[in-house]
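Worksheet for the structure shown next.
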Amino acid sequence: MTQPPPPPNQPPQQPGFGAPAGPPQQPQPGYGYPAQPPAAPNPYTQQPPAAANPYAQQPGYGYYPQQPPPGYPTQPGKQGGSGGNKATLLIVVAAVVAIALIVGGGIWYSKSSGSSGDDGKKNDTAHSSGGMTGGTTGGKGSEKVPADPASKLLFQVPLPAVKDTTVTSGSWLTDKVYAKSGIAEITGYDPDSGAELWTVPLSGPVCYASGHVSEDGRTAVVFQPKMPPKGSTAGCTRIAAIDLNAGKKLWTQTVKSGDVPVNFNNVTVSQHTVAVGGTSGGAAFDLSSGKIRWQPKPADSCYDAGYGGGAKLVAVRKCGSGDSGQLHIQTLDPVSGKVVSEYRMTSGIDYASVVSTDPLVVAADVNNSAGDGSGFSDVFSIDNRTGALRTRISTPGSSYAVRCDNIYQVEKCTGLAVGNDRLYLATEEHDGDGDFAKTNEIVAFDLATGKQTGQRADAGDNYTITPLRMDGPNVIAYKNPPYDKGGQIVSIDGGSFKETKLLENPATEAVKAVETSMAPEYAEVLYSQGHLYMSAEYAHTAGSSSSGKSYLVVAFGAGG
């Protein structure tokens, strides 16, 4: 099994207006069909709770940004645009065959019941960036249809001035606050006016942010212990829990290997547990107190590359190296770290992404067969009670538009949603009905059979559509518009697949310039109850973008 490339020194440049961003280079895993797992041992050591201990700030090593910087090997990104808008986030593909899917937008999780190890505090990630997609069957959606879907600009936050491109990942929405990572801080804004409600200072820039929020409005981030000099890094060694509703940092932790602080590549939240992972090791903490809950046992040949959170906690554990290396997909008890079930993928698949933890859905680029740097060629539907493979779905890169950063962040897939025991994906862009028109659609796969359900939501000529998250049984999606229209948020009925417009942005030149540069493929997009928030994942230096004035956050609100 190949080891991930050495950590880059800094994040990539934020793509300018109309400029598509290239994905991280995906190493070439060998082709392999997952095998049935044997009984899983428990590789985790339960430890007695230890008091939270903010360690002294120390420079670390190795910074894993969300994408490698310029100079790192990359593969060409997917090309495409709708109408005159070349910054469209989805891309095209072949006609009827393309009704099998994947998508280019933000991933989400809907509220779901607890599971093994649940301490009574469930997870609700439907209003947070990053993370995964998931949902339960049945019920009703909570999104109300505004009397007037036409939106107006609510507020905008200028992009902070920086000397070096800096990660600003992380945005969250509760019923009290919209919060966004800035430069070495997280700021809470009034959801309607944009007035600053609070600021939580950090010792250094955020490296990674969980896309999951507990029901009481708490989440977690990994950040640097200090502001690094230009062109360098201080390491991603500090973990903090943030109370979004109260606007305060609950605790800060570090983990050491000997005297050296451990760097982490990702952070997630599940059932009141914060889990961090990476090539140097992993750890889990109580979300409220910061006390250590468990750590994987030290092993020469295995490590937890990362975790997927939300309704359940799933580890992507790498064991062995070279041709004998193997990925273990483990559903864990969040409190004890005990392995509840395990699925072992065939040797040769080096990287995998956790798309959803309940139901358990994992994506991989098998044998680099996607061919487009998306990190996404096959989907594995797994029974997280037994570890048995339910079905495997082929999702060729020529037909579907999705991206997964399964090297650096196991939860970071964009452009798909999971709910109703189905996988919702967007096809690549293809010819529409009108002259020179382009379009795409969202289609659905049954996670029990692996077959398409026959459901299809068309974007319409010169629109492209991207699923964002689930709202009960319904799919919330963003429609990237043609040059003379504004972007839309629609709700797609999980049964009939009928589209209902929830919001439509103004088609003015100024609004479209900003909206286009923050398409879901390049930015974080949150929608709830007539409010749309679009935010940048990087702050770039002056002159590094061609889009004129740049913004950290742009917020829109529907009327009535």
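Residue numbering restarts at 1 in every chain; chains get A, B, ... in the order shown in the structure tokens, and ligands count up from 1 in that same order.
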
Worksheet entry | Backbone DSSP call of helix (DSSP H, G or I) for range 187-395 of chain A, listed as a list in words | Gly322, Asp323, Ser324, Val366, Asn367 and Asn368 of chain A

Output all heavy atoms of each residue in that selection to a file, as a short mmCIF file (atom, residue, chain, number, x, y, z; two decimals), in the first residue's frame.
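Result file selection01.cif:
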data_model
loop_
_atom_site.label_atom_id
_atom_site.label_comp_id
_atom_site.auth_asym_id
_atom_site.auth_seq_id
_atom_site.Cartn_x
_atom_site.Cartn_y
_atom_site.Cartn_z
N GLY A 322 2.72 -1.57 0.43
CA GLY A 322 2.95 -2.19 -0.87
C GLY A 322 1.74 -2.98 -1.35
O GLY A 322 0.60 -2.66 -1.04
N ASP A 323 2.01 -4.07 -2.07
CA ASP A 323 0.93 -4.87 -2.63
C ASP A 323 0.11 -5.58 -1.56
O ASP A 323 -1.02 -5.99 -1.81
CB ASP A 323 1.50 -5.91 -3.60
CG ASP A 323 2.11 -5.27 -4.84
OD1 ASP A 323 1.75 -4.11 -5.13
OD2 ASP A 323 2.95 -5.91 -5.49
N SER A 324 0.68 -5.74 -0.37
CA SER A 324 -0.04 -6.44 0.69
C SER A 324 -0.84 -5.49 1.57
O SER A 324 -1.52 -5.92 2.50
CB SER A 324 0.94 -7.22 1.57
OG SER A 324 1.84 -6.33 2.21
N VAL A 366 -10.85 3.14 -7.88
CA VAL A 366 -10.23 1.82 -8.01
C VAL A 366 -9.34 1.79 -9.24
O VAL A 366 -9.78 2.05 -10.36
CB VAL A 366 -11.31 0.73 -8.10
CG1 VAL A 366 -10.67 -0.65 -8.27
CG2 VAL A 366 -12.20 0.75 -6.86
N ASN A 367 -8.08 1.49 -9.01
CA ASN A 367 -7.10 1.40 -10.09
C ASN A 367 -6.99 2.70 -10.88
O ASN A 367 -6.68 2.69 -12.07
CB ASN A 367 -7.44 0.24 -11.03
CG ASN A 367 -6.26 -0.21 -11.85
OD1 ASN A 367 -5.11 -0.10 -11.41
ND2 ASN A 367 -6.53 -0.71 -13.05
N ASN A 368 -7.28 3.83 -10.19
CA ASN A 368 -7.25 5.14 -10.84
C ASN A 368 -8.11 5.16 -12.10
O ASN A 368 -7.82 5.86 -13.07
CB ASN A 368 -5.81 5.54 -11.19
CG ASN A 368 -5.66 7.03 -11.42
OD1 ASN A 368 -6.39 7.82 -10.83
ND2 ASN A 368 -4.74 7.42 -12.27
#

Discussion item. Using only C-alpha atoms for the distances, tell me which of A:Phe436, A:Thr252, A:Gly278, A:Ala477 is nearest to Leu526 in chain A.
Written reply: A:Ala477

Discussion item. Set the distance at 7 Å and use only C-alpha atoms: which residues neighbour range 533-542 of chain A once local chain neighbours fewer than 4 positions away are removed? I'd like the list as a list in words.
Written reply: Gln13, Gln14, Leu159, Pro160, Ala161, Val162, Lys163, Asp164, Thr165, Thr166, Val167, Thr168, Ser169, Met518, Ala523, Glu524, Val525, Leu526, Tyr527, Leu552, Val553, Val554, Ala555 and Phe556 of chain A

Item to complete: Pick out the residues sitting within 7 Å of Cys404 in chain A, and hand them over as number ranges by chain; count only C-alpha atoms, and ignore anything fewer than 6 positions along from it in its own chain.
Response: A: 353, 374-376, 412-414
